[in-house]
file coords-v4.txt (compact mmCIF, C-alpha atoms)
# COMPACT_ATOMS: atom_id res chain seq x y z
CA MET A 1 0.00 0.00 0.00
CA LYS A 2 1.20 3.52 -0.81
CA ARG A 3 1.93 6.19 1.76
CA ALA A 4 -0.93 7.40 3.96
CA GLY A 5 -3.16 10.01 2.36
CA SER A 6 -5.49 12.71 3.64
CA PRO A 7 -9.26 12.65 4.16
CA VAL A 8 -9.59 15.48 1.62
CA GLU A 9 -7.77 13.43 -1.00
CA VAL A 10 -10.04 10.47 -0.27
CA PHE A 11 -13.18 12.60 -0.37
CA LEU A 12 -12.35 14.10 -3.77
CA ALA A 13 -11.50 10.70 -5.26
CA PHE A 14 -14.79 9.19 -4.11
CA LEU A 15 -16.82 12.27 -5.01
CA LEU A 16 -15.70 11.82 -8.61
CA LEU A 17 -16.82 8.20 -8.46
CA GLY A 18 -20.09 9.20 -6.79
CA VAL A 19 -21.11 11.25 -9.84
CA SER A 20 -19.86 8.79 -12.47
CA CYS A 21 -20.44 5.23 -11.16
CA PHE A 22 -23.50 3.78 -12.90
CA GLY A 23 -24.53 0.14 -13.10
CA GLY A 24 -24.99 -1.17 -9.56
CA PRO A 25 -22.65 -2.68 -6.95
CA VAL A 26 -20.83 -5.10 -9.25
CA ALA A 27 -20.01 -2.28 -11.66
CA HIS A 28 -18.99 -0.05 -8.73
CA LEU A 29 -16.45 -2.65 -7.58
CA GLY A 30 -15.02 -2.64 -11.08
CA TYR A 31 -14.69 1.15 -11.00
CA PHE A 32 -13.02 0.94 -7.58
CA ARG A 33 -10.48 -1.63 -8.77
CA LYS A 34 -9.58 0.39 -11.83
CA THR A 35 -9.26 3.61 -9.79
CA PHE A 36 -7.55 2.46 -6.59
CA VAL A 37 -5.59 -0.61 -7.71
CA GLU A 38 -4.60 0.17 -11.29
CA ARG A 39 -4.54 3.96 -11.55
CA ARG A 40 -3.87 5.35 -8.05
CA ALA A 41 -2.20 2.20 -6.64
CA TRP A 42 -3.60 2.77 -3.15
CA LEU A 43 -4.02 -0.99 -2.71
CA SER A 44 -2.45 -4.11 -4.15
CA GLU A 45 -4.57 -6.61 -6.07
CA THR A 46 -4.54 -9.03 -3.12
CA ASP A 47 -5.43 -6.33 -0.59
CA TYR A 48 -8.34 -5.23 -2.75
CA ALA A 49 -9.59 -8.81 -3.12
CA ALA A 50 -9.45 -9.25 0.67
CA VAL A 51 -11.44 -6.04 1.24
CA VAL A 52 -14.10 -7.08 -1.27
CA SER A 53 -14.41 -10.52 0.30
CA LEU A 54 -14.93 -8.91 3.73
CA CYS A 55 -17.70 -6.64 2.44
CA GLN A 56 -19.47 -9.47 0.64
CA PHE A 57 -19.30 -11.52 3.84
CA LEU A 58 -21.30 -8.94 5.81
CA PRO A 59 -24.82 -7.51 5.47
CA GLY A 60 -25.04 -4.06 3.93
CA PRO A 61 -24.18 -2.32 0.65
CA ALA A 62 -21.02 -4.10 -0.57
CA SER A 63 -19.72 -1.30 -2.80
CA SER A 64 -20.20 1.41 -0.15
CA GLN A 65 -18.58 -0.81 2.48
CA THR A 66 -15.65 -1.46 0.13
CA GLY A 67 -15.23 2.27 -0.40
CA PHE A 68 -15.37 2.86 3.35
CA CYS A 69 -12.62 0.25 3.88
CA ILE A 70 -10.44 1.75 1.17
CA GLY A 71 -10.84 5.18 2.78
CA MET A 72 -9.93 3.76 6.21
CA LEU A 73 -6.86 1.97 4.89
CA ARG A 74 -5.77 5.12 3.09
CA ALA A 75 -6.45 7.83 5.70
CA GLY A 76 -7.80 6.25 8.89
CA TRP A 77 -11.28 6.73 10.31
CA LEU A 78 -11.71 10.20 8.80
CA GLY A 79 -10.72 8.73 5.45
CA GLY A 80 -13.44 6.08 5.75
CA ILE A 81 -16.08 8.69 6.56
CA ALA A 82 -14.84 10.93 3.75
CA ALA A 83 -15.07 8.05 1.29
CA TRP A 84 -18.64 7.26 2.32
CA ILE A 85 -19.78 10.89 2.11
CA GLY A 86 -18.09 11.48 -1.24
CA PHE A 87 -19.56 8.36 -2.82
CA THR A 88 -23.04 8.65 -1.27
CA ALA A 89 -23.87 12.36 -1.24
CA PRO A 90 -24.40 12.98 -4.99
CA SER A 91 -26.91 10.15 -5.38
CA ALA A 92 -28.67 10.92 -2.08
CA LEU A 93 -29.10 14.57 -3.03
CA LEU A 94 -30.48 13.64 -6.44
CA MET A 95 -32.94 11.19 -4.86
CA PHE A 96 -34.07 13.90 -2.43
CA ALA A 97 -34.54 16.29 -5.37
CA ALA A 98 -36.61 13.63 -7.17
CA ALA A 99 -38.82 13.23 -4.11
CA GLN A 100 -39.35 16.99 -3.88
CA TRP A 101 -40.22 17.23 -7.57
CA ILE A 102 -42.68 14.35 -7.42
CA GLY A 103 -44.23 15.89 -4.31
CA LEU A 104 -44.90 19.12 -6.21
CA HIS A 105 -46.54 17.35 -9.16
CA PRO A 106 -48.53 14.48 -7.60
CA LEU A 107 -51.76 14.88 -9.63
CA SER A 108 -50.44 15.59 -13.13
CA PRO A 109 -51.44 12.86 -15.66
CA LEU A 110 -48.07 13.30 -17.35
CA VAL A 111 -46.25 12.69 -14.07
CA ALA A 112 -48.45 9.66 -13.37
CA ARG A 113 -47.48 8.10 -16.72
CA LEU A 114 -43.84 8.99 -16.13
CA LEU A 115 -43.88 7.32 -12.72
CA HIS A 116 -45.51 4.23 -14.18
CA GLY A 117 -42.73 4.04 -16.76
CA LEU A 118 -40.21 4.11 -13.94
CA GLN A 119 -42.10 1.25 -12.28
CA LEU A 120 -41.78 -0.84 -15.45
CA ALA A 121 -38.07 -0.06 -15.58
CA ALA A 122 -37.74 -1.22 -11.97
CA ILE A 123 -39.32 -4.58 -12.89
CA ALA A 124 -36.81 -5.04 -15.72
CA VAL A 125 -33.82 -4.13 -13.57
CA VAL A 126 -34.83 -6.50 -10.79
CA ALA A 127 -35.43 -9.32 -13.31
CA GLN A 128 -31.90 -8.82 -14.63
CA ALA A 129 -30.54 -8.81 -11.08
CA VAL A 130 -32.31 -12.10 -10.27
CA LEU A 131 -30.72 -13.84 -13.25
CA ALA A 132 -27.25 -12.36 -12.68
CA MET A 133 -27.20 -13.17 -8.98
CA ALA A 134 -28.58 -16.67 -9.57
CA ARG A 135 -25.66 -17.42 -11.88
CA GLN A 136 -23.14 -16.07 -9.38
CA LEU A 137 -24.59 -17.20 -6.04
CA CYS A 138 -26.39 -20.43 -7.00
CA PRO A 139 -23.84 -22.29 -9.16
CA ASP A 140 -24.98 -25.78 -8.09
CA THR A 141 -28.24 -27.68 -7.54
CA PRO A 142 -28.29 -27.53 -3.69
CA ARG A 143 -28.04 -23.75 -3.68
CA ARG A 144 -30.62 -23.40 -6.46
CA MET A 145 -33.00 -25.53 -4.40
CA LEU A 146 -32.25 -23.35 -1.37
CA ALA A 147 -33.19 -20.24 -3.37
CA VAL A 148 -36.48 -21.83 -4.47
CA LEU A 149 -37.22 -22.84 -0.88
CA ALA A 150 -36.61 -19.27 0.28
CA ALA A 151 -39.01 -17.83 -2.31
CA ALA A 152 -41.67 -20.37 -1.33
CA ILE A 153 -41.34 -19.53 2.37
CA LEU A 154 -41.68 -15.81 1.64
CA ILE A 155 -44.88 -16.40 -0.32
CA LEU A 156 -46.31 -18.05 2.80
CA VAL A 157 -44.66 -15.75 5.37
CA PRO A 158 -44.00 -12.46 3.53
CA ASP A 159 -43.14 -10.12 6.39
CA THR A 160 -40.02 -9.66 8.55
CA PRO A 161 -40.38 -13.06 10.34
CA GLY A 162 -40.23 -14.83 6.97
CA GLN A 163 -37.16 -12.87 5.91
CA ILE A 164 -35.34 -13.64 9.14
CA LEU A 165 -36.40 -17.30 8.89
CA ILE A 166 -34.91 -17.79 5.43
CA LEU A 167 -31.64 -16.16 6.49
CA VAL A 168 -31.39 -18.57 9.41
CA ILE A 169 -32.24 -21.55 7.22
CA GLY A 170 -29.73 -20.44 4.59
CA ALA A 171 -26.93 -20.09 7.13
CA PHE A 172 -27.71 -23.48 8.71
CA ILE A 173 -27.91 -25.42 5.46
CA GLY A 174 -24.98 -23.56 3.91
CA ARG A 175 -22.79 -24.76 6.79
CA PHE A 176 -23.04 -28.31 5.40
CA LEU A 177 -22.77 -27.61 1.67
CA PRO A 178 -19.53 -28.37 -0.28
CA LEU A 179 -17.10 -25.48 -0.07
CA GLU A 180 -14.12 -24.44 -2.17
CA GLU A 181 -10.83 -23.92 -0.42
CA ALA A 182 -10.34 -20.47 1.11
CA ALA A 183 -7.62 -18.58 -0.69
CA GLY A 184 -5.84 -15.28 -0.60
CA ARG A 185 -2.97 -13.65 1.17
CA PRO A 186 -3.51 -11.80 4.48
CA LEU A 187 -4.77 -8.23 4.31
CA ARG A 188 -2.28 -5.71 5.65
CA ILE A 189 -4.17 -3.86 8.39
CA PRO A 190 -2.69 -0.51 9.50
CA PRO A 191 -2.36 0.28 13.22
CA ALA A 192 -5.12 2.89 12.92
CA SER A 193 -7.72 0.11 12.87
CA HIS A 194 -7.47 -0.55 16.59
CA GLU A 195 -9.25 -3.59 18.00
CA ILE A 196 -10.76 -1.66 20.94
CA ILE A 197 -12.52 0.70 18.55
CA SER A 198 -13.70 -2.32 16.59
CA LEU A 199 -15.35 -3.75 19.68
CA ILE A 200 -17.05 -0.40 20.33
CA CYS A 201 -18.45 -0.45 16.78
CA LEU A 202 -19.75 -3.99 17.25
CA ALA A 203 -21.42 -3.03 20.53
CA ALA A 204 -23.00 0.04 18.88
CA PHE A 205 -24.31 -2.12 16.03
CA ALA A 206 -25.93 -4.58 18.46
CA MET A 207 -27.42 -1.87 20.70
CA LEU A 208 -28.98 0.01 17.79
CA LEU A 209 -30.36 -3.23 16.34
CA VAL A 210 -32.10 -3.99 19.63
CA VAL A 211 -33.58 -0.49 19.61
CA SER A 212 -34.71 -0.85 15.99
CA VAL A 213 -36.75 -4.01 16.60
CA GLY A 214 -38.70 -2.59 19.52
CA ALA A 215 -42.41 -1.95 19.05
CA TRP A 216 -42.49 1.39 20.83
CA GLN A 217 -40.92 3.70 18.25
CA ALA A 218 -42.69 6.78 16.98
CA GLY A 219 -41.84 9.77 14.79
CA ASN A 220 -38.23 10.08 13.70
CA LEU A 221 -37.20 7.12 15.86
CA ALA A 222 -39.66 4.91 13.96
CA LEU A 223 -38.20 6.16 10.69
CA PHE A 224 -34.64 5.51 11.86
CA ALA A 225 -35.59 2.05 13.16
CA ALA A 226 -37.21 0.99 9.88
CA PHE A 227 -34.14 1.84 7.82
CA TYR A 228 -31.55 0.67 10.35
CA ARG A 229 -33.29 -2.70 10.61
CA THR A 230 -33.28 -2.97 6.83
CA GLY A 231 -29.57 -2.16 6.55
CA ALA A 232 -28.72 -4.68 9.26
CA LEU A 233 -30.58 -7.57 7.61
CA VAL A 234 -29.84 -7.17 3.92
CA PHE A 235 -27.23 -9.55 2.50
CA GLY A 236 -25.97 -9.05 -1.03
CA GLY A 237 -26.60 -5.30 -1.23
CA GLY A 238 -27.95 -3.64 -4.37
CA HIS A 239 -31.39 -4.73 -5.48
CA VAL A 240 -31.73 -7.20 -2.59
CA VAL A 241 -32.69 -4.26 -0.38
CA LEU A 242 -35.96 -3.85 -2.29
CA PRO A 243 -38.14 -6.42 -0.46
CA LEU A 244 -36.76 -5.41 2.93
CA LEU A 245 -37.45 -1.74 2.29
CA GLN A 246 -40.87 -2.58 0.94
CA ASN A 247 -41.68 -4.42 4.16
CA ALA A 248 -40.23 -1.59 6.25
CA VAL A 249 -42.06 1.36 4.69
CA VAL A 250 -44.91 0.13 2.46
CA ALA A 251 -46.39 -2.48 4.81
CA PRO A 252 -46.85 -0.02 7.74
CA GLY A 253 -48.22 2.65 5.40
CA TYR A 254 -45.29 5.09 5.53
CA VAL A 255 -45.03 5.17 1.72
CA SER A 256 -47.63 4.20 -0.90
CA PRO A 257 -46.82 1.24 -3.21
CA SER A 258 -46.95 3.37 -6.37
CA LEU A 259 -44.64 6.03 -4.93
CA PHE A 260 -42.27 3.32 -3.69
CA LEU A 261 -41.99 1.76 -7.14
CA ALA A 262 -41.64 5.14 -8.84
CA GLY A 263 -38.76 6.11 -6.59
CA TYR A 264 -37.10 2.75 -7.12
CA GLY A 265 -37.36 3.22 -10.85
CA ALA A 266 -35.84 6.71 -10.61
CA ALA A 267 -32.93 5.27 -8.62
CA GLN A 268 -31.92 3.16 -11.61
CA ALA A 269 -31.10 6.29 -13.62
CA LEU A 270 -28.74 7.74 -11.02
CA PRO A 271 -25.08 7.08 -10.21
CA GLY A 272 -23.81 5.92 -6.83
CA PRO A 273 -25.12 3.29 -4.40
CA LEU A 274 -28.69 2.05 -4.79
CA PHE A 275 -29.16 2.31 -1.01
CA THR A 276 -29.62 6.06 -1.46
CA PHE A 277 -33.16 5.12 -2.48
CA ALA A 278 -33.62 5.58 1.27
CA ALA A 279 -33.24 9.35 0.84
CA PHE A 280 -36.26 9.37 -1.46
CA LEU A 281 -38.32 7.24 0.90
CA GLY A 282 -37.35 9.26 3.97
CA ALA A 283 -38.32 12.48 2.21
CA VAL A 284 -41.83 11.26 1.30
CA ALA A 285 -42.54 9.06 4.35
CA LYS A 286 -45.67 9.74 6.39
CA VAL A 287 -43.80 9.37 9.67
CA GLY A 288 -41.36 11.66 11.45
CA ASP A 289 -40.32 14.98 9.96
CA ALA A 290 -40.02 13.72 6.34
CA GLY A 291 -38.55 16.28 3.92
CA ALA A 292 -34.82 16.97 4.24
CA ALA A 293 -34.68 15.70 7.83
CA GLY A 294 -36.40 12.44 6.88
CA ALA A 295 -34.07 11.96 3.92
CA ALA A 296 -31.00 12.47 6.12
CA ILE A 297 -32.26 10.14 8.87
CA ALA A 298 -33.17 7.37 6.42
CA THR A 299 -29.88 7.62 4.52
CA VAL A 300 -27.69 7.50 7.62
CA ALA A 301 -29.80 4.74 9.19
CA ILE A 302 -29.66 2.35 6.25
CA PHE A 303 -25.89 2.68 5.74
CA LEU A 304 -24.88 2.79 9.41
CA PRO A 305 -25.18 -0.94 10.36
CA GLY A 306 -23.08 -2.08 7.40
CA LEU A 307 -20.37 0.49 8.10
CA LEU A 308 -20.27 -0.36 11.82
CA LEU A 309 -19.90 -4.06 11.02
CA VAL A 310 -17.16 -3.60 8.47
CA ALA A 311 -15.25 -1.34 10.86
CA ALA A 312 -15.69 -3.91 13.65
CA LEU A 313 -14.51 -6.89 11.61
CA LEU A 314 -11.70 -5.36 9.55
CA PRO A 315 -8.92 -5.92 12.13
CA TYR A 316 -10.01 -9.55 12.57
CA TRP A 317 -10.67 -10.40 8.95
CA ASN A 318 -7.46 -12.30 8.30
CA ARG A 319 -8.53 -14.82 10.95
CA VAL A 320 -12.24 -14.97 10.16
CA ARG A 321 -11.86 -15.53 6.40
CA GLN A 322 -10.05 -18.83 7.03
CA ASP A 323 -12.99 -20.28 8.99
CA ARG A 324 -14.73 -22.74 6.67
CA ALA A 325 -17.86 -22.95 8.82
CA LEU A 326 -18.50 -19.20 8.64
CA THR A 327 -17.76 -19.11 4.92
CA GLY A 328 -20.27 -21.93 4.36
CA CYS A 329 -22.93 -20.06 6.32
CA VAL A 330 -22.41 -16.97 4.16
CA ASN A 331 -22.67 -19.03 0.97
CA GLY A 332 -26.01 -20.40 2.19
CA VAL A 333 -27.27 -16.91 3.04
CA ASN A 334 -26.22 -15.69 -0.41
CA ALA A 335 -28.29 -18.47 -2.00
CA VAL A 336 -31.48 -17.54 -0.10
CA VAL A 337 -30.86 -13.92 -1.10
CA VAL A 338 -31.56 -14.99 -4.69
CA GLY A 339 -34.92 -16.39 -3.56
CA LEU A 340 -35.59 -13.16 -1.69
CA LEU A 341 -34.97 -11.15 -4.84
CA ALA A 342 -37.16 -13.46 -6.93
CA TYR A 343 -39.98 -12.91 -4.43
CA ALA A 344 -39.40 -9.13 -4.73
CA LEU A 345 -39.82 -9.41 -8.51
CA LEU A 346 -43.14 -11.20 -8.05
CA ASP A 347 -44.22 -8.53 -5.60
CA LEU A 348 -43.30 -5.75 -8.04
CA VAL A 349 -45.61 -7.22 -10.66
CA THR A 350 -48.52 -7.82 -8.27
CA LEU A 351 -48.28 -4.32 -6.75
CA GLY A 352 -49.66 -2.89 -9.99
CA GLY A 353 -46.49 -2.61 -12.01
CA ILE A 354 -48.12 -4.50 -14.91
CA ARG A 355 -51.55 -3.17 -15.83
CA SER A 356 -51.99 -3.83 -19.55
CA LEU A 357 -50.65 -5.63 -22.63
CA SER A 358 -48.54 -2.58 -23.51
CA ASP A 359 -46.95 -2.77 -20.04
CA ILE A 360 -46.01 -6.39 -20.69
CA VAL A 361 -44.43 -5.43 -24.03
CA ILE A 362 -42.48 -2.53 -22.50
CA ALA A 363 -41.25 -4.57 -19.53
CA ALA A 364 -40.29 -7.55 -21.72
CA GLY A 365 -38.43 -5.28 -24.13
CA ALA A 366 -36.60 -3.62 -21.23
CA ILE A 367 -35.58 -7.01 -19.80
CA ALA A 368 -34.30 -8.13 -23.22
CA ALA A 369 -32.38 -4.88 -23.66
CA LEU A 370 -30.68 -5.26 -20.29
CA ILE A 371 -29.89 -8.98 -20.50
CA PHE A 372 -29.25 -9.62 -24.19
CA GLY A 373 -28.50 -6.15 -25.55
CA ARG A 374 -26.41 -5.07 -22.55
CA VAL A 375 -27.96 -1.62 -22.84
CA PRO A 376 -26.94 0.71 -19.95
CA PRO A 377 -29.67 0.88 -17.25
CA ILE A 378 -29.99 4.65 -17.56
CA LEU A 379 -31.02 4.31 -21.22
CA VAL A 380 -33.51 1.56 -20.40
CA VAL A 381 -35.07 3.72 -17.67
CA ALA A 382 -35.35 6.68 -20.06
CA ALA A 383 -36.92 4.50 -22.75
CA CYS A 384 -39.48 2.99 -20.34
CA ALA A 385 -40.48 6.45 -19.10
CA ALA A 386 -40.82 7.79 -22.66
CA LEU A 387 -42.85 4.80 -23.90
CA ALA A 388 -45.17 4.96 -20.87
CA ILE A 389 -45.89 8.62 -21.65
CA VAL A 390 -46.50 7.98 -25.38
CA LEU A 391 -48.53 4.80 -25.02

call {"tool": "encode", "arguments": {"input": "coords-v4.txt", "output": "structure tokens"}}
result
Amino acid sequence: MKRAGSPVEVFLAFLLLGVSCFGGPVAHLGYFRKTFVERRAWLSETDYAAVVSLCQFLPGPASSQTGFCIGMLRAGWLGGIAAWIGFTAPSALLMFAAAQWIGLHPLSPLVARLLHGLQLAAIAVVAQAVLAMARQLCPDTPRRMLAVLAAAILILVPDTPGQILILVIGAFIGRFLPLEEAAGRPLRIPPASHEIISLICLAAFAMLLVVSVGAWQAGNLALFAAFYRTGALVFGGGHVVLPLLQNAVVAPGYVSPSLFLAGYGAAQALPGPLFTFAAFLGAVAKVGDAGAAGAAIATVAIFLPGLLLVAALLPYWNRVRQDRALTGCVNGVNAVVVGLLAYALLDLVTLGGIRSLSDIVIAAGAIAALIFGRVPPILVVAACAALAIVL
């Protein structure tokens, strides 16, 4: 690793990525590798691989957690925070602006058609994510069967208990599935990542999780709890957050289904982490202060558990990554995540995303464009919105 840098240097590097990284978490990791391994040489190839494996091991947004780790390794704790702010702020601000604009034009027929087009784009993007993640996370028959089992359980038990149940089942079964040999050289951890601070982060994560599952929240605390709970339970990052967020804000009536889908569709056209969808939801939620305060609370809450966990585990990662039992559990959880996402796709369709034959044609064309034509998501979103307005 090169010499230590400054938080300002880290912030500027990630701010540039925050306004230019399209394509979701997998694409973000590619941008990070090209920027920080090849061009800036802040990390070696093996160090970068170890950081990515840590962030995929934990719940939370993998690309944002990877950026946070890179910032920490480059410039300490302030560097990690600077990396997160730089990468997250552009997308979060744009999502807040989208929420404000939609709030000012809620009754316009043109806006209604535009929002429906964004809903169709969301269906296409999630369908692509299901196929891509199934290929990556379910490479064999046992894990494919585990994904199908997870989707079936969620159809029967769709709320938070069902989601927790499939994660537990996935971890238990994954422990006994065949596992490839762990590989990779140790990650070089700088002294700044002190183990005492790591334990404090772990304790903070656990304490806030206990608070978030209580039934007594109200106002801004209820808003914070809904998003913190989501961030603490989501494995796989990216589009996997959709069903958890839907359960957190649509089920209790904080956000309407149509507004939820419209915001999710808008998120596909923006750079940066998909978790900034929380800024949109916090701004329009019918709980707490909403507006700018709600957007800020929701954004911090959904990212916080993943960042606390990655900070807590980083100093211990060289030991944990060699534990075959833990690695097997994570592989099982990753498999049920595919089932979770498949259930989310079914939910998107049944929530009113598909209303007519023309909707089927638009959605099918968008799926084909993403999967077979490899068309950038931003163009697919724009096309869906335009076709929904015209047709």

call {"tool": "residues_around", "arguments": {"input": "coords-v4.txt", "residues": "range 280-296 of chain A", "least_positions_apart": "4", "cutoff": "6 Å", "atoms": "all atoms listed in the file", "output": "ChimeraX atom specification"}}
result
/A:95-96,99,219-220,254-255

call {"tool": "residues_around", "arguments": {"input": "coords-v4.txt", "residues": "range 224-232 of chain A", "least_positions_apart": "6", "cutoff": "7 Å", "atoms": "only C-alpha atoms", "output": "list in words"}}
result
Pro59, Gly60, Leu209, Ser212, Leu244, Leu245, Ala248, Ile297, Ala298, Ala301, Ile302, Phe303, Pro305 and Gly306 of chain A

call {"tool": "closest_residue", "arguments": {"input": "coords-v4.txt", "among": "A:Ala132, A:Arg143, A:Ala171, A:Leu16", "to": "Val330 in chain A", "atoms": "all atoms listed in the file"}}
result
A:Ala171

call {"tool": "atom_distance", "arguments": {"input": "coords-v4.txt", "atom1": "CA of Thr299 in chain A", "atom2": "CA of Leu93 in chain A"}}
result
10.3 Å

call {"tool": "closest_residue", "arguments": {"input": "coords-v4.txt", "among": "A:Arg113, A:Arg175, A:Arg324, A:Arg374", "to": "Ala388 in chain A", "atoms": "all atoms listed in the file"}}
result
A:Arg113

call {"tool": "atom_distance", "arguments": {"input": "coords-v4.txt", "atom1": "CA of Gln268 in chain A", "atom2": "CA of Val380 in chain A"}}
result
9.1 Å

call {"tool": "atom_distance", "arguments": {"input": "coords-v4.txt", "atom1": "CA of Leu199 in chain A", "atom2": "CA of Val310 in chain A"}}
result
11.4 Å

call {"tool": "residues_around", "arguments": {"input": "coords-v4.txt", "residues": "Tyr343 in chain A", "least_positions_apart": "2", "cutoff": "8 Å", "atoms": "only C-alpha atoms", "output": "compact mmCIF listing (two decimals) with C-alpha atoms, keeping the file's coordinate frame"}}
result
# COMPACT_ATOMS: atom_id res chain seq x y z
CA ALA A 151 -39.01 -17.83 -2.31
CA LEU A 154 -41.68 -15.81 1.64
CA ILE A 155 -44.88 -16.40 -0.32
CA PRO A 243 -38.14 -6.42 -0.46
CA GLY A 339 -34.92 -16.39 -3.56
CA LEU A 340 -35.59 -13.16 -1.69
CA LEU A 341 -34.97 -11.15 -4.84
CA LEU A 345 -39.82 -9.41 -8.51
CA LEU A 346 -43.14 -11.20 -8.05
CA ASP A 347 -44.22 -8.53 -5.60

call {"tool": "closest_residue", "arguments": {"input": "coords-v4.txt", "among": "A:Val333, A:Leu58, A:Cys201, A:Val250", "to": "Leu165 in chain A", "atoms": "all atoms listed in the file"}}
result
A:Val333

call {"tool": "residues_around", "arguments": {"input": "coords-v4.txt", "residues": "Ala98 in chain A", "least_positions_apart": "4", "cutoff": "8 Å", "atoms": "all atoms listed in the file", "output": "ChimeraX atom specification"}}
result
/A:94,102,263,266,280

call {"tool": "residues_near_point", "arguments": {"input": "coords-v4.txt", "point": "(-35.6, -3.0, -26.6)", "cutoff": "12 Å", "atoms": "all atoms listed in the file", "output": "PyMOL selection string"}}
result
chain A and resi 121+124+361-377+379-384+387

call {"tool": "closest_residue", "arguments": {"input": "coords-v4.txt", "among": "A:Val168, A:Pro158, A:Gly117, A:Val210", "to": "Leu146 in chain A", "atoms": "all atoms listed in the file"}}
result
A:Val168

call {"tool": "closest_residue", "arguments": {"input": "coords-v4.txt", "among": "A:Ala311, A:Leu233, A:Leu223, A:Ala152", "to": "Gly67 in chain A", "atoms": "all atoms listed in the file"}}
result
A:Ala311

call {"tool": "closest_residue", "arguments": {"input": "coords-v4.txt", "among": "A:Gln246, A:Thr35, A:Gln56, A:Gln136", "to": "Thr327 in chain A", "atoms": "all atoms listed in the file"}}
result
A:Gln56

call {"tool": "axis_aligned_box", "arguments": {"input": "coords-v4.txt", "around": "range 165-174 of chain A", "padding_each_side": "5 Å", "output": "AutoDock Vina command-line options"}}
result
--center_x -30.7 --center_y -20.8 --center_z 6.7 --size_x 21.4 --size_y 19.3 --size_z 15.5

call {"tool": "decode", "arguments": {"input": "coords-v4.txt", "residues": "range 78-113 of chain A", "atoms": "C-alpha atoms", "output": "CSV table (one decimal), in the first residue's frame"}}
result
chain,number,residue,atom,x,y,z
A,78,LEU,CA,-11.7,10.2,8.8
A,79,GLY,CA,-10.7,8.7,5.5
A,80,GLY,CA,-13.4,6.1,5.7
A,81,ILE,CA,-16.1,8.7,6.6
A,82,ALA,CA,-14.8,10.9,3.8
A,83,ALA,CA,-15.1,8.0,1.3
A,84,TRP,CA,-18.6,7.3,2.3
A,85,ILE,CA,-19.8,10.9,2.1
A,86,GLY,CA,-18.1,11.5,-1.2
A,87,PHE,CA,-19.6,8.4,-2.8
A,88,THR,CA,-23.0,8.6,-1.3
A,89,ALA,CA,-23.9,12.4,-1.2
A,90,PRO,CA,-24.4,13.0,-5.0
A,91,SER,CA,-26.9,10.1,-5.4
A,92,ALA,CA,-28.7,10.9,-2.1
A,93,LEU,CA,-29.1,14.6,-3.0
A,94,LEU,CA,-30.5,13.6,-6.4
A,95,MET,CA,-32.9,11.2,-4.9
A,96,PHE,CA,-34.1,13.9,-2.4
A,97,ALA,CA,-34.5,16.3,-5.4
A,98,ALA,CA,-36.6,13.6,-7.2
A,99,ALA,CA,-38.8,13.2,-4.1
A,100,GLN,CA,-39.4,17.0,-3.9
A,101,TRP,CA,-40.2,17.2,-7.6
A,102,ILE,CA,-42.7,14.3,-7.4
A,103,GLY,CA,-44.2,15.9,-4.3
A,104,LEU,CA,-44.9,19.1,-6.2
A,105,HIS,CA,-46.5,17.4,-9.2
A,106,PRO,CA,-48.5,14.5,-7.6
A,107,LEU,CA,-51.8,14.9,-9.6
A,108,SER,CA,-50.4,15.6,-13.1
A,109,PRO,CA,-51.4,12.9,-15.7
A,110,LEU,CA,-48.1,13.3,-17.3
A,111,VAL,CA,-46.3,12.7,-14.1
A,112,ALA,CA,-48.5,9.7,-13.4
A,113,ARG,CA,-47.5,8.1,-16.7
